[in-house]
Structures are given as C-alpha cells and as structure tokens.
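Peer 1: This is protein01.tsv, which holds TSV, C-alpha atoms:
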```tsv
chain	number	residue	atom	x	y	z
A	1	MET	CA	0.00	0.00	0.00
A	2	LYS	CA	1.40	3.37	-1.01
A	3	ALA	CA	1.47	6.26	1.40
A	4	VAL	CA	-0.72	8.98	-0.06
A	5	THR	CA	0.29	12.15	1.72
A	6	ALA	CA	1.26	15.17	-0.30
A	7	HIS	CA	2.85	18.55	0.22
A	8	PRO	CA	1.03	21.23	-1.78
A	9	ALA	CA	3.16	23.87	-3.41
A	10	CYS	CA	2.47	26.84	-5.66
A	11	PRO	CA	3.36	25.93	-9.26
A	12	PRO	CA	6.11	28.11	-10.75
A	13	SER	CA	5.01	30.85	-13.15
A	14	ASP	CA	7.69	29.75	-15.60
A	15	PRO	CA	8.02	25.99	-15.08
A	16	GLU	CA	11.26	24.22	-15.89
A	17	VAL	CA	9.31	21.15	-17.05
A	18	ASP	CA	5.61	20.43	-17.53
A	19	VAL	CA	4.37	16.96	-16.56
A	20	VAL	CA	1.14	15.93	-18.29
A	21	LEU	CA	-0.98	13.63	-16.10
A	22	PRO	CA	-4.12	12.33	-17.86
A	23	CYS	CA	-6.71	11.75	-15.17
A	24	LEU	CA	-10.04	9.92	-15.01
A	25	ASN	CA	-11.22	9.20	-11.45
A	26	GLU	CA	-7.79	8.98	-9.81
A	27	ALA	CA	-8.56	10.79	-6.54
A	28	GLU	CA	-7.05	8.02	-4.44
A	29	ALA	CA	-3.74	8.04	-6.32
A	30	LEU	CA	-3.33	11.78	-6.92
A	31	PRO	CA	-1.74	12.75	-3.58
A	32	TRP	CA	1.07	10.23	-4.00
A	33	VAL	CA	1.66	11.16	-7.65
A	34	LEU	CA	1.68	14.92	-7.07
A	35	ALA	CA	3.97	14.60	-4.06
A	36	ARG	CA	6.54	12.98	-6.38
A	37	ILE	CA	6.67	15.82	-8.93
A	38	PRO	CA	10.24	17.24	-8.82
A	39	PRO	CA	10.66	20.78	-7.42
A	40	GLY	CA	10.39	23.50	-10.07
A	41	TRP	CA	8.28	21.34	-12.36
A	42	ARG	CA	4.58	21.91	-13.01
A	43	ALA	CA	1.96	19.17	-12.81
A	44	LEU	CA	-0.72	19.50	-15.51
A	45	VAL	CA	-3.57	17.24	-14.41
A	46	VAL	CA	-5.86	16.77	-17.38
A	47	ASP	CA	-9.29	15.90	-16.05
A	48	ASN	CA	-11.07	13.70	-18.58
A	49	GLY	CA	-14.52	13.73	-17.00
A	50	SER	CA	-13.82	12.52	-13.46
A	51	THR	CA	-16.76	12.08	-11.10
A	52	ASP	CA	-14.76	11.44	-7.90
A	53	GLY	CA	-13.52	14.96	-7.25
A	54	SER	CA	-10.11	14.38	-8.87
A	55	ALA	CA	-9.98	17.85	-10.44
A	56	GLU	CA	-10.77	19.67	-7.21
A	57	LEU	CA	-8.30	17.55	-5.26
A	58	ALA	CA	-5.55	18.14	-7.81
A	59	HIS	CA	-6.13	21.89	-7.69
A	60	GLY	CA	-6.02	21.84	-3.91
A	61	LEU	CA	-2.68	20.01	-4.03
A	62	GLY	CA	-1.11	22.72	-6.19
A	63	ALA	CA	-1.52	21.21	-9.67
A	64	THR	CA	-2.70	23.10	-12.73
A	65	VAL	CA	-5.95	21.47	-13.87
A	66	VAL	CA	-6.81	21.25	-17.56
A	67	ARG	CA	-10.31	20.16	-18.56
A	68	GLU	CA	-10.80	17.86	-21.55
A	69	ALA	CA	-14.41	16.88	-22.18
A	70	ARG	CA	-13.67	14.51	-25.04
A	71	ARG	CA	-13.05	11.07	-23.57
A	72	GLY	CA	-9.91	9.21	-24.55
A	73	PHE	CA	-6.35	8.79	-23.33
A	74	GLY	CA	-4.98	10.55	-26.39
A	75	ALA	CA	-7.44	13.40	-26.03
A	76	ALA	CA	-6.29	13.99	-22.46
A	77	CYS	CA	-2.60	13.73	-23.32
A	78	HIS	CA	-2.88	16.13	-26.24
A	79	ALA	CA	-4.88	18.63	-24.21
A	80	GLY	CA	-2.04	18.63	-21.71
A	81	LEU	CA	0.56	19.04	-24.44
A	82	THR	CA	-1.24	22.02	-25.97
A	83	ALA	CA	-1.67	23.59	-22.52
A	84	ALA	CA	2.02	23.18	-21.67
A	85	THR	CA	4.41	26.12	-21.89
A	86	ALA	CA	7.71	24.64	-20.72
A	87	ASP	CA	10.40	23.74	-23.24
A	88	ILE	CA	10.38	20.10	-22.12
A	89	VAL	CA	7.17	18.14	-21.58
A	90	CYS	CA	6.86	14.82	-19.79
A	91	PHE	CA	4.00	12.34	-19.65
A	92	CYS	CA	3.13	10.03	-16.77
A	93	ASP	CA	0.11	7.98	-15.76
A	94	CYS	CA	-1.88	9.35	-12.83
A	95	ASP	CA	-2.61	6.01	-11.14
A	96	ALA	CA	0.55	5.71	-9.00
A	97	SER	CA	1.94	2.86	-11.10
A	98	LEU	CA	4.86	5.05	-12.18
A	99	ASP	CA	6.88	7.51	-10.12
A	100	PRO	CA	7.17	10.90	-11.89
A	101	ALA	CA	10.45	11.51	-10.04
A	102	LEU	CA	11.96	8.91	-12.40
A	103	LEU	CA	11.64	11.49	-15.18
A	104	VAL	CA	14.57	13.56	-13.87
A	105	PRO	CA	17.27	11.68	-15.86
A	106	PHE	CA	14.93	11.54	-18.88
A	107	VAL	CA	14.73	15.34	-18.89
A	108	ARG	CA	18.48	15.65	-18.44
A	109	GLU	CA	19.06	13.38	-21.44
A	110	VAL	CA	16.74	15.45	-23.62
A	111	ARG	CA	18.20	18.76	-22.43
A	112	ASP	CA	21.78	17.58	-23.01
A	113	GLY	CA	20.97	16.43	-26.55
A	114	GLY	CA	21.45	12.73	-25.82
A	115	ALA	CA	17.97	11.93	-27.11
A	116	ASP	CA	14.95	13.59	-28.66
A	117	LEU	CA	12.42	11.25	-27.05
A	118	VAL	CA	13.08	9.18	-23.93
A	119	LEU	CA	10.76	6.31	-22.98
A	120	GLY	CA	10.43	4.26	-19.82
A	121	ARG	CA	10.52	0.49	-20.19
A	122	ARG	CA	8.24	-0.84	-17.49
A	123	ARG	CA	9.69	-3.50	-15.19
A	124	PRO	CA	6.91	-4.80	-12.91
A	125	ARG	CA	7.79	-5.04	-9.22
A	126	ASP	CA	4.78	-7.24	-8.57
A	127	ARG	CA	2.98	-9.81	-10.71
A	128	SER	CA	-0.26	-7.91	-10.26
A	129	ALA	CA	1.24	-4.69	-11.65
A	130	TRP	CA	1.02	-5.85	-15.26
A	131	PRO	CA	-1.62	-8.47	-16.20
A	132	VAL	CA	-0.57	-11.23	-18.59
A	133	HIS	CA	-2.96	-10.09	-21.33
A	134	ALA	CA	-1.59	-6.53	-21.14
A	135	ARG	CA	2.00	-7.76	-21.40
A	136	ALA	CA	1.11	-9.95	-24.37
A	137	GLY	CA	-0.53	-7.04	-26.17
A	138	ASN	CA	2.44	-4.79	-25.49
A	139	LEU	CA	4.89	-7.40	-26.79
A	140	ALA	CA	2.89	-7.86	-29.99
A	141	LEU	CA	2.81	-4.11	-30.58
A	142	ALA	CA	6.54	-3.77	-29.97
A	143	ARG	CA	7.17	-6.38	-32.65
A	144	MET	CA	4.84	-4.63	-35.10
A	145	LEU	CA	6.56	-1.33	-34.33
A	146	ARG	CA	9.93	-2.89	-35.11
A	147	ARG	CA	8.68	-4.08	-38.50
A	148	ARG	CA	7.18	-0.67	-39.26
A	149	THR	CA	10.05	1.57	-38.10
A	150	GLY	CA	13.08	-0.58	-37.27
A	151	LEU	CA	12.99	0.62	-33.66
A	152	ARG	CA	14.08	-2.07	-31.23
A	153	LEU	CA	11.92	-0.98	-28.34
A	154	HIS	CA	10.54	-3.34	-25.71
A	155	ASP	CA	7.72	-1.20	-24.34
A	156	LEU	CA	5.36	1.59	-25.38
A	157	GLY	CA	4.80	2.81	-21.85
A	158	PRO	CA	3.40	6.19	-20.85
A	159	LEU	CA	6.48	7.54	-19.00
A	160	ARG	CA	8.31	9.75	-21.50
A	161	ALA	CA	9.99	13.11	-22.12
A	162	ALA	CA	10.62	15.32	-25.16
A	163	ARG	CA	10.69	18.97	-26.21
A	164	ARG	CA	7.29	20.61	-26.53
A	165	GLU	CA	7.49	22.36	-29.90
A	166	PRO	CA	8.87	19.37	-31.84
A	167	LEU	CA	6.13	17.23	-30.26
A	168	LEU	CA	3.49	19.65	-31.51
A	169	ASP	CA	5.12	19.63	-34.96
A	170	LEU	CA	4.54	15.87	-35.19
A	171	GLY	CA	0.85	16.65	-35.82
A	172	LEU	CA	-0.50	13.83	-33.66
A	173	THR	CA	-4.11	13.00	-34.50
A	174	ASP	CA	-5.04	9.90	-32.49
A	175	ARG	CA	-7.17	10.73	-29.46
A	176	ARG	CA	-7.60	7.25	-28.03
A	177	SER	CA	-5.22	4.51	-26.98
A	178	GLY	CA	-3.06	4.88	-30.08
A	179	TYR	CA	-1.67	8.26	-29.05
A	180	PRO	CA	1.52	7.01	-27.32
A	181	LEU	CA	2.33	4.74	-30.25
A	182	GLN	CA	1.62	7.43	-32.84
A	183	MET	CA	4.06	9.71	-31.05
A	184	VAL	CA	6.81	7.10	-31.35
A	185	VAL	CA	6.01	6.21	-34.97
A	186	ARG	CA	5.94	9.80	-36.16
A	187	ALA	CA	9.07	10.64	-34.19
A	188	ALA	CA	10.83	7.72	-35.87
A	189	ASP	CA	9.60	8.87	-39.29
A	190	ALA	CA	11.04	12.32	-38.54
A	191	GLY	CA	14.45	10.88	-37.69
A	192	TRP	CA	14.34	11.46	-33.96
A	193	HIS	CA	16.88	9.83	-31.66
A	194	ILE	CA	14.77	7.65	-29.35
A	195	THR	CA	16.06	5.90	-26.24
A	196	GLU	CA	14.52	3.56	-23.69
A	197	HIS	CA	15.39	3.00	-20.01
A	198	ASP	CA	14.13	0.56	-17.40
A	199	VAL	CA	11.73	1.93	-14.78
A	200	PRO	CA	9.99	0.12	-11.90
A	201	TYR	CA	6.30	-0.52	-12.53
A	202	LEU	CA	4.10	-0.65	-9.44
A	203	PRO	CA	0.57	-1.99	-8.92
A	204	ARG	CA	-1.78	0.83	-9.81
A	205	ILE	CA	-4.27	2.32	-7.38
A	206	GLY	CA	-7.79	1.62	-8.64
A	207	THR	CA	-8.93	-0.21	-11.77
A	208	SER	CA	-7.35	0.35	-15.17
A	209	LYS	CA	-9.65	1.78	-17.83
A	210	VAL	CA	-7.64	0.07	-20.57
A	211	THR	CA	-5.64	-2.96	-19.46
A	212	GLY	CA	-7.93	-3.95	-16.60
A	213	THR	CA	-9.89	-6.22	-18.94
A	214	TRP	CA	-9.27	-8.30	-22.04
A	215	ARG	CA	-11.79	-6.14	-23.90
A	216	GLY	CA	-10.04	-2.92	-22.95
A	217	THR	CA	-6.69	-4.39	-23.96
A	218	TRP	CA	-8.06	-5.55	-27.31
A	219	GLN	CA	-9.54	-2.13	-28.04
A	220	ALA	CA	-6.16	-0.54	-27.26
A	221	VAL	CA	-4.36	-3.01	-29.55
A	222	ARG	CA	-6.90	-2.29	-32.30
A	223	ASP	CA	-6.30	1.46	-31.96
A	224	MET	CA	-2.56	0.94	-32.15
A	225	ARG	CA	-2.74	-1.40	-35.13
A	226	ARG	CA	-4.63	1.34	-36.94
A	227	VAL	CA	-1.78	3.73	-36.17
A	228	LEU	CA	0.80	1.28	-37.49
A	229	ALA	CA	-1.19	0.92	-40.71
A	230	GLU	CA	-0.93	4.63	-41.45
A	231	PRO	CA	1.51	5.63	-44.22
A	232	PRO	CA	4.63	7.43	-43.03
A	233	ALA	CA	3.67	10.96	-42.04
A	234	ARG	CA	5.38	13.85	-43.75
A	235	VAL	CA	7.00	15.87	-41.00
A	236	GLU	CA	8.28	19.22	-42.22
A	237	THR	CA	10.57	19.96	-39.26
A	238	PRO	CA	13.85	18.08	-38.64
A	239	ALA	CA	14.63	16.09	-35.53
A	240	PRO	CA	15.09	18.30	-32.43
A	241	SER	CA	18.74	17.34	-32.00
A	242	GLN	CA	21.45	17.39	-34.60
A	243	GLY	CA	22.51	14.00	-35.89
A	244	GLY	CA	22.27	10.83	-33.84
A	245	THR	CA	20.77	7.46	-34.58
A	246	ILE	CA	17.55	5.87	-33.49
A	247	GLN	CA	18.01	3.15	-30.91
```
Could you take the file, read its structure, and then write that structure out as structure tokens?
Peer 2:
Amino acid sequence: MKAVTAHPACPPSDPEVDVVLPCLNEAEALPWVLARIPPGWRALVVDNGSTDGSAELAHGLGATVVREARRGFGAACHAGLTAATADIVCFCDCDASLDPALLVPFVREVRDGGADLVLGRRRPRDRSAWPVHARAGNLALARMLRRRTGLRLHDLGPLRAARREPLLDLGLTDRRSGYPLQMVVRAADAGWHITEHDVPYLPRIGTSKVTGTWRGTWQAVRDMRRVLAEPPARVETPAPSQGGTIQ
C-alpha cells in the first residue's frame, strides 16, 4: 500500500518542465503522484470527466488542472501538451503505477541532446502490476513497431519526455489509446533519436480503464494497429537534435 500524503506547493510561473498527467477518477492516487513531482516542475492534471472529485483535489494540491471533455487517453494527453508552456514536456500515468520523479534523468538526457524522445521500459515489481494479457498485447505491438520503423523498443509505456514544440510539430491526430504509439512512430519517421530506459512498474491504485480487462486491452491493440497501418507521415521539421541514430 502506497502512502498517499502530499505537500502542496504553488506551481512556478515559468516551469522548468511540464508533466502531463491524464486523469479519469484517480482521486485516491493523486496525492502520491503529485507529491513525487520534482521541485520547479509543473503538474498539468488533465481531467477527462472525473466524477470522484479528482480535479478539485488536484487543484487543492497545487496542480494546474486542464479540462478535456472529449473522452480518450490521447485526447487527455494532447490537451495537456497544448496547454504546456515549458520547453520540455513529460507524460506520466496518474494512477501511482509510475513515479514521476523517475523522469529527472529523462529530462536531463533530452536537455543535453542525448535523445529527442526518452521512454520508460516498465519493469513490474509485482505480478499484479502488469496483467498477462496486457503484457502480451504490449509485446505484440513492440514487434509490429519494429517491422514498421526498425525501432528495437521493448515497451510503449506512458512515461516519457521530449521537447514541446517538436512534439506539436509531429501533428498527432489519435485521441484514443493509439496516441503514445503514434508519437513514437511519427518521431521515428522524422528521424528522432529515441532511447529507452528501465523503470519500476508498481501496482496501480484503482482499476485500469484500458488494461484492466481483455476487452479494454483488445480495443487498445486495435487502436494501435490502426496507427501502425498509417503511411509514413510527412513531418516538415527536422529532428530536435542534430545527428544521432535511433536506438
């Protein structure tokens, strides 16, 4: 059981980093997640129609709350991205399965030019953290991604960091479960340097809206297969960093 005490703080007027936290009924997990946001960073909690008081709780804990009426993981993530103002934007689930403090080296890698997009490879600390059907779906998608782009990634997890303006230039259009994958595919098409690092994956607080059931997992896989079937997008802007190879 995670301790869920938090220490509210006023968000900086000019944040060093914005952390997008898509949120749908995560009141129980929010205190732990927001308490783990690094100092000087701003938490952007994107409320996607919560009915448990998540938005009010997040505001009371010092987060900036963004409202997104259109349901969908991608819709919430993109609303957070468009609301962000910091040079570097991170993404993290709001269910306490991932610690946003783990993003510190991700941001450093992006800022230092070591990568254009940094992803967290989830390593479950408990068997219950990642159901078998969710792992199987993720593995299948990673293989399809490799065939489509050549990227040798092991996970398409939600913990990630990149620069805001290049992310917007990717022209992401998916507003459901395919959003994280579309970001990676279009970044690869644009020649971005993409890296992946292991991160501990904890049992989430509450029930997953996607991987909690076989049906939810299948719908997510279907969304992502549609993304992989798209022709390579024409991205007008070059990769954020100069040179480098995709890993």
Peer 1: Which residues come within 8 Å of Ser50 (chain A), counting all atoms listed in the file, excluding same-chain residues fewer than 2 positions away, as a count of residues only?
Peer 2: 10
Peer 1: I want to know what sits within 8 Å of Ile88 (chain A), based on all atoms listed in the file, with residues of the same chain fewer than 2 positions away left out; could you give that as a VMD selection string?
Peer 2: chain A and resid 16 to 18 86 90 107 111 161 to 164
Peer 1: Find the spatial neighbours of Arg176 (chain A), counting all atoms listed in the file, within a cut-off of 7 Å - ignore same-chain residues fewer than 6 positions away - and output them as a PyMOL selection string.
Peer 2: chain A and resi 72-75
Peer 1: Take CA of Asp155 (chain A) and CA of Pro39 (chain A) and report the distance between them in Å, one decimal.
Peer 2: 27.9 Å
Peer 1: Leaving out region 91-103 of chain A and any residue of its chain fewer than 6 positions from it, which residues lie within 7 Å of it when counting only C-alpha atoms, given as a ChimeraX atom specification?
Peer 2: /A:19-23,26,29-30,32-33,36-38,158-161,201-205
Peer 1: Complete region 47-74 of chain A at the level of N, CA and C atoms, written as a compact mmCIF listing (two decimals), in the frame of the given file.
Peer 2:
```txt
# COMPACT_ATOMS: atom_id res chain seq x y z
N ASP A 47 -8.10 16.60 -16.49
CA ASP A 47 -9.29 15.90 -16.05
C ASP A 47 -10.14 15.53 -17.25
N ASN A 48 -10.39 14.22 -17.40
CA ASN A 48 -11.07 13.70 -18.58
C ASN A 48 -12.50 13.28 -18.26
N GLY A 49 -13.13 14.02 -17.35
CA GLY A 49 -14.52 13.73 -17.00
C GLY A 49 -14.67 12.98 -15.70
N SER A 50 -13.78 13.22 -14.75
CA SER A 50 -13.82 12.52 -13.46
C SER A 50 -15.10 12.87 -12.69
N THR A 51 -15.58 11.88 -11.93
CA THR A 51 -16.76 12.08 -11.10
C THR A 51 -16.45 11.89 -9.61
N ASP A 52 -15.16 11.72 -9.29
CA ASP A 52 -14.76 11.44 -7.90
C ASP A 52 -14.06 12.61 -7.24
N GLY A 53 -14.16 13.80 -7.84
CA GLY A 53 -13.52 14.96 -7.25
C GLY A 53 -12.04 15.08 -7.55
N SER A 54 -11.54 14.34 -8.56
CA SER A 54 -10.11 14.38 -8.87
C SER A 54 -9.63 15.79 -9.21
N ALA A 55 -10.40 16.52 -10.00
CA ALA A 55 -9.98 17.85 -10.44
C ALA A 55 -9.84 18.80 -9.25
N GLU A 56 -10.81 18.79 -8.37
CA GLU A 56 -10.77 19.67 -7.21
C GLU A 56 -9.62 19.30 -6.28
N LEU A 57 -9.40 18.01 -6.10
CA LEU A 57 -8.30 17.55 -5.26
C LEU A 57 -6.96 17.98 -5.84
N ALA A 58 -6.80 17.77 -7.16
CA ALA A 58 -5.55 18.14 -7.81
C ALA A 58 -5.27 19.63 -7.66
N HIS A 59 -6.29 20.44 -7.84
CA HIS A 59 -6.13 21.89 -7.69
C HIS A 59 -5.72 22.23 -6.26
N GLY A 60 -6.34 21.59 -5.30
CA GLY A 60 -6.02 21.84 -3.91
C GLY A 60 -4.61 21.43 -3.54
N LEU A 61 -4.04 20.49 -4.29
CA LEU A 61 -2.68 20.01 -4.03
C LEU A 61 -1.64 20.79 -4.82
N GLY A 62 -2.07 21.85 -5.51
CA GLY A 62 -1.11 22.72 -6.19
C GLY A 62 -0.92 22.45 -7.65
N ALA A 63 -1.66 21.51 -8.25
CA ALA A 63 -1.52 21.21 -9.67
C ALA A 63 -2.31 22.20 -10.51
N THR A 64 -1.91 22.36 -11.75
CA THR A 64 -2.70 23.10 -12.73
C THR A 64 -3.66 22.11 -13.38
N VAL A 65 -4.94 22.40 -13.34
CA VAL A 65 -5.95 21.47 -13.87
C VAL A 65 -6.40 21.94 -15.25
N VAL A 66 -6.35 21.02 -16.20
CA VAL A 66 -6.81 21.25 -17.56
C VAL A 66 -8.04 20.38 -17.78
N ARG A 67 -9.09 20.93 -18.33
CA ARG A 67 -10.31 20.16 -18.56
C ARG A 67 -10.35 19.69 -20.01
N GLU A 68 -10.63 18.42 -20.21
CA GLU A 68 -10.80 17.86 -21.55
C GLU A 68 -12.07 17.01 -21.55
N ALA A 69 -13.11 17.55 -22.20
CA ALA A 69 -14.41 16.88 -22.18
C ALA A 69 -14.44 15.64 -23.06
N ARG A 70 -13.66 15.66 -24.13
CA ARG A 70 -13.67 14.51 -25.04
C ARG A 70 -12.94 13.34 -24.39
N ARG A 71 -13.65 12.23 -24.23
CA ARG A 71 -13.05 11.07 -23.57
C ARG A 71 -11.99 10.42 -24.47
N GLY A 72 -10.96 9.92 -23.83
CA GLY A 72 -9.91 9.21 -24.55
C GLY A 72 -8.55 9.57 -23.99
N PHE A 73 -7.69 8.57 -23.86
CA PHE A 73 -6.35 8.79 -23.33
C PHE A 73 -5.58 9.79 -24.18
N GLY A 74 -5.67 9.63 -25.50
CA GLY A 74 -4.98 10.55 -26.39
C GLY A 74 -5.52 11.96 -26.30
```
